[in-house]
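Data from coords-v7.cif: mmCIF, C-alpha atoms
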data_query
#
loop_
_atom_site.label_atom_id
_atom_site.label_comp_id
_atom_site.auth_asym_id
_atom_site.auth_seq_id
_atom_site.Cartn_x
_atom_site.Cartn_y
_atom_site.Cartn_z
CA MET Z 1 127.87 106.08 87.97
CA SER Z 2 127.86 102.27 87.71
CA LYS Z 3 124.69 100.40 86.82
CA SER Z 4 124.60 98.78 90.24
CA SER Z 5 124.38 102.18 91.93
CA GLN Z 6 121.78 103.77 89.67
CA ALA Z 7 118.31 104.18 91.13
CA ALA Z 8 115.20 102.88 89.42
CA THR Z 9 112.83 105.47 88.03
CA LEU Z 10 109.16 104.53 88.23
CA ARG Z 11 106.52 105.84 85.83
CA PRO Z 12 103.06 104.85 84.59
CA GLY Z 13 103.02 102.67 81.50
CA THR Z 14 101.66 104.25 78.33
CA ILE Z 15 100.29 102.93 75.08
CA ASP Z 16 103.80 103.40 73.66
CA ASP Z 17 105.01 100.73 76.13
CA VAL Z 18 102.65 97.99 74.93
CA GLU Z 19 105.26 96.01 72.98
CA THR Z 20 107.68 96.18 75.91
CA ILE Z 21 104.97 95.16 78.39
CA HIS Z 22 103.92 92.20 76.26
CA ALA Z 23 107.52 91.07 75.76
CA ALA Z 24 108.06 91.21 79.54
CA LEU Z 25 104.93 89.13 80.14
CA LEU Z 26 106.22 86.53 77.68
CA ARG Z 27 109.57 86.43 79.54
CA LEU Z 28 107.71 86.09 82.84
CA GLY Z 29 105.72 83.16 81.45
CA THR Z 30 108.91 81.51 80.23
CA HIS Z 31 110.60 82.12 83.60
CA ILE Z 32 107.87 80.25 85.48
CA GLY Z 33 107.49 77.55 82.85
CA ALA Z 34 104.05 78.64 81.72
CA HIS Z 35 104.78 80.41 78.43
CA GLN Z 36 102.22 78.19 76.68
CA GLU Z 37 99.49 79.72 78.87
CA ILE Z 38 100.03 83.22 77.46
CA THR Z 39 97.63 83.90 74.61
CA SER Z 40 97.44 87.68 74.90
CA THR Z 41 98.73 89.91 72.14
CA PRO Z 42 100.03 93.48 72.19
CA GLU Z 43 96.73 94.48 70.58
CA ASP Z 44 94.83 92.96 73.55
CA LEU Z 45 96.92 95.08 75.92
CA ARG Z 46 96.32 98.19 73.80
CA ARG Z 47 92.59 97.58 73.67
CA TYR Z 48 91.98 96.65 77.30
CA GLY Z 49 94.67 98.65 79.05
CA PHE Z 50 94.72 101.89 77.16
CA GLY Z 51 91.24 102.30 75.71
CA ALA Z 52 88.28 104.31 76.94
CA ASN Z 53 87.76 102.12 80.03
CA PRO Z 54 91.15 100.66 81.03
CA ALA Z 55 90.96 97.25 82.74
CA PHE Z 56 94.44 97.61 84.23
CA SER Z 57 97.32 99.98 84.91
CA THR Z 58 101.01 99.36 84.54
CA LEU Z 59 103.89 100.82 86.51
CA ILE Z 60 107.22 100.67 84.68
CA ALA Z 61 110.66 100.65 86.29
CA GLU Z 62 113.61 101.99 84.31
CA ILE Z 63 117.28 102.34 85.04
CA ASP Z 64 119.07 104.94 82.97
CA GLY Z 65 116.15 104.89 80.53
CA GLU Z 66 116.32 101.11 80.10
CA PHE Z 67 113.32 98.90 80.93
CA ALA Z 68 114.00 97.11 84.22
CA GLY Z 69 110.59 95.78 85.27
CA LEU Z 70 106.87 96.26 85.60
CA CYS Z 71 103.88 95.86 87.86
CA LEU Z 72 100.54 95.32 86.14
CA HIS Z 73 97.62 95.91 88.52
CA PHE Z 74 93.96 96.87 88.82
CA PRO Z 75 91.50 98.03 91.50
CA ILE Z 76 89.46 95.53 93.52
CA PHE Z 77 87.04 95.76 96.43
CA SER Z 78 86.62 93.74 99.62
CA THR Z 79 83.07 93.45 100.87
CA TRP Z 80 84.40 91.98 104.12
CA MET Z 81 86.68 94.96 104.78
CA GLY Z 82 84.42 97.49 103.11
CA ARG Z 83 87.45 98.97 101.38
CA PRO Z 84 88.97 99.16 97.94
CA GLY Z 85 92.31 97.53 97.28
CA VAL Z 86 94.63 96.64 94.47
CA TYR Z 87 95.28 93.32 92.75
CA VAL Z 88 98.74 92.77 91.32
CA GLN Z 89 98.34 90.57 88.28
CA ASP Z 90 101.98 90.56 87.14
CA LEU Z 91 105.23 91.63 88.74
CA TYR Z 92 108.33 91.23 86.60
CA VAL Z 93 111.94 92.35 86.93
CA GLU Z 94 114.52 91.74 84.22
CA ASP Z 95 117.13 89.18 85.28
CA ARG Z 96 120.04 91.61 85.05
CA PHE Z 97 118.30 94.02 87.45
CA ARG Z 98 117.22 91.50 90.09
CA GLY Z 99 118.54 91.91 93.60
CA ARG Z 100 118.22 95.70 93.42
CA ARG Z 101 114.83 95.96 95.18
CA ILE Z 102 113.03 96.96 92.00
CA GLY Z 103 110.15 94.54 92.63
CA GLU Z 104 109.79 95.90 96.15
CA LYS Z 105 109.82 99.49 94.87
CA LEU Z 106 107.14 98.69 92.30
CA LEU Z 107 104.90 97.02 94.89
CA ARG Z 108 105.37 99.81 97.43
CA ARG Z 109 104.47 102.48 94.84
CA VAL Z 110 101.35 100.59 93.79
CA ALA Z 111 100.36 100.18 97.47
CA LYS Z 112 100.98 103.89 98.10
CA GLU Z 113 98.81 104.88 95.12
CA CYS Z 114 96.06 102.52 96.31
CA ARG Z 115 96.20 103.95 99.82
CA ALA Z 116 95.98 107.50 98.46
CA GLU Z 117 92.64 106.52 96.89
CA GLY Z 118 91.28 105.06 100.14
CA GLY Z 119 92.53 101.52 99.58
CA GLY Z 120 93.45 99.26 102.42
CA TYR Z 121 94.98 96.10 100.96
CA LEU Z 122 96.99 94.47 98.20
CA ARG Z 123 96.33 91.00 96.78
CA LEU Z 124 98.22 88.82 94.37
CA SER Z 125 98.64 85.17 93.60
CA VAL Z 126 101.90 83.27 93.33
CA ASP Z 127 102.63 80.32 91.09
CA THR Z 128 102.63 77.25 93.30
CA ASP Z 129 106.14 76.16 92.30
CA ASN Z 130 107.77 79.59 92.51
CA GLU Z 131 109.52 79.30 95.87
CA THR Z 132 111.71 82.33 95.19
CA ALA Z 133 108.65 84.55 94.69
CA LYS Z 134 106.96 83.13 97.78
CA ALA Z 135 110.02 83.94 99.88
CA PHE Z 136 110.25 87.42 98.34
CA TYR Z 137 106.63 88.24 99.21
CA GLU Z 138 106.96 86.80 102.71
CA ARG Z 139 110.06 88.95 103.26
CA LEU Z 140 107.95 92.01 102.38
CA GLY Z 141 105.17 90.96 104.75
CA ILE Z 142 102.82 89.82 101.98
CA GLY Z 143 101.68 86.52 103.45
CA ARG Z 144 99.73 83.57 102.15
CA SER Z 145 96.04 83.48 102.94
CA SER Z 146 95.19 80.58 105.23
CA TYR Z 147 91.55 80.47 104.18
CA GLU Z 148 91.48 81.13 100.44
CA GLN Z 149 92.37 79.27 97.28
CA VAL Z 150 92.22 80.64 93.75
CA GLN Z 151 89.60 79.03 91.51
CA LYS Z 152 89.21 79.80 87.82
CA ILE Z 153 87.35 78.93 84.65
CA VAL Z 154 88.80 79.96 81.29
CA GLY Z 155 88.48 79.57 77.55
CA ASP Z 156 85.75 77.37 76.08
CA ALA Z 157 84.59 76.28 79.54
CA PHE Z 158 84.11 79.95 80.51
CA PHE Z 159 82.23 80.77 77.31
CA ALA Z 160 79.94 77.75 77.73
CA PHE Z 161 79.31 78.72 81.35
CA ALA Z 162 78.59 82.34 80.48
CA ASP Z 163 76.37 81.42 77.55
CA THR Z 164 74.22 78.87 79.40
CA LEU Z 165 70.68 80.13 79.80
CA GLU Z 166 69.56 80.87 83.33
CA GLU Z 167 66.68 78.77 84.58
#
When written as structure tokens, how does the structure in this file appear?
Amino acid sequence: MSKSSQAATLRPGTIDDVETIHAALLRLGTHIGAHQEITSTPEDLRRYGFGANPAFSTLIAEIDGEFAGLCLHFPIFSTWMGRPGVYVQDLYVEDRFRGRRIGEKLLRRVAKECRAEGGGYLRLSVDTDNETAKAFYERLGIGRSSYEQVQKIVGDAFFAFADTLEE
């Protein structure tokens, strides 16, 4: 069977996948020109993703046992909808496996798992310059919100904000 005809196998990520997950995140950062923004380490992923209270889950795609991509996600809740949902933090497919609907399969599986737990929506953000990703999500029916914009505070500014005494 040729590689182009082999189906992707999807499975939950495990602690044994941490190095692979981190390497994929680094490649994703490089792909979008933001590699300098990635400060996480494999140990961070081990600690926060596979400890006693995991902050995220990972779905891994493989083709013939070879890593093909991942979807890193976590549960969220909408007070407006009164329903849980899922936030996709990172979706990555190896270059050599692109065009084989692996990203779509990963997203659909995550959505299916969310729905099975009572969830009713999927959210993600897209890098502003990543036109290919925007078109991909639009093609799947994952549209841009007309009334929201992502805001964030990180690093020293976050710590100063968090540590400021309340009045």
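Residues within 10 Å of range 126-143 of chain Z, counting all atoms listed in the file and excluding same-chain residues fewer than 4 positions away, are His31, Ile32, Gly33, Ala34, Gln89, Asp90, Leu91, Gly103, Glu104, Leu107, Arg108 and Leu122 of chain Z.
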Enumerate, in order of chain and increasing residue number, the residues of range 32-81 of chain Z with an atom no farther than 8 Å from range 4-17 of chain Z, each with its shortest atom pair and distance in Å to one decimal, counting all atoms listed in the file, as a Markdown table.
| residue | atom | partner | partner_atom | distance |
| --- | --- | --- | --- | --- |
| Z:Arg46 | CA | Z:Ile15 | CA | 6.3 |
| Z:Phe50 | CA | Z:Ile15 | CA | 6.0 |
| Z:Ser57 | CA | Z:Gly13 | CA | 7.2 |
| Z:Thr58 | CA | Z:Gly13 | CA | 4.9 |
| Z:Leu59 | CA | Z:Pro12 | CA | 4.5 |
| Z:Ile60 | CA | Z:Arg11 | CA | 5.3 |
| Z:Ala61 | CA | Z:Leu10 | CA | 4.6 |
| Z:Glu62 | CA | Z:Thr9 | CA | 5.2 |
| Z:Ile63 | CA | Z:Ala8 | CA | 4.9 |
| Z:Asp64 | CA | Z:Gln6 | CA | 7.3 |
| Z:Ala68 | CA | Z:Ala8 | CA | 7.9 |
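Here CA of Phe77 in chain Z is placed at a distance of 24.8 Å from CA of Phe159 in chain Z.
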- Just how far from CA of Gly69 in chain Z is CA of Arg144 in chain Z, in Å to one decimal? 23.5 Å
- Message: Residues within 12 Å of Thr39 in chain Z, please, as a ChimeraX atom specification. Count all atoms listed in the file; anything in the same chain fewer than 4 positions from it doesn't count.
- Response: /Z:22,25-26,29,34-35,43-45,154-155
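Of the residues listed (Z:Tyr48, Z:Gln36, Z:Met81, Z:Tyr92), Z:Tyr92 shows the shortest atom-to-atom separation from Ile21 in chain Z; distances use all atoms listed in the file.
If you count only C-alpha atoms and ignore residues fewer than 4 places along the chain from Tyr121 in chain Z, what sits within 10 Å of it is Ile76, Phe77, Ser78, Met81, Arg83, Pro84, Gly85, Val86, Tyr87, Ala111, Cys114 and Arg115 of chain Z.
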- Given the choices Z:Glu19, Z:Arg47, Z:Pro75, Z:Thr30, which gets closest to Glu117 in chain Z if the distance is worked out from only C-alpha atoms? Z:Pro75
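Minimum distance to Leu124 in chain Z across Z:Val88, Z:Ala162, Z:Val93, Z:Leu72 (counting all atoms listed in the file) occurs at Z:Val88.
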Edge lengths and centre in Å to one decimal, as JSON, of the axis-aligned box that encloses all listed atoms of range 16-22 of chain Z with 4 Å added on every side?
{"center_x": 105.2, "center_y": 97.8, "center_z": 75.7, "size_x": 13.0, "size_y": 19.2, "size_z": 13.4}
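For the pair CA of Arg98 in chain Z and CA of Thr41 in chain Z, the interatomic distance is 25.8 Å.
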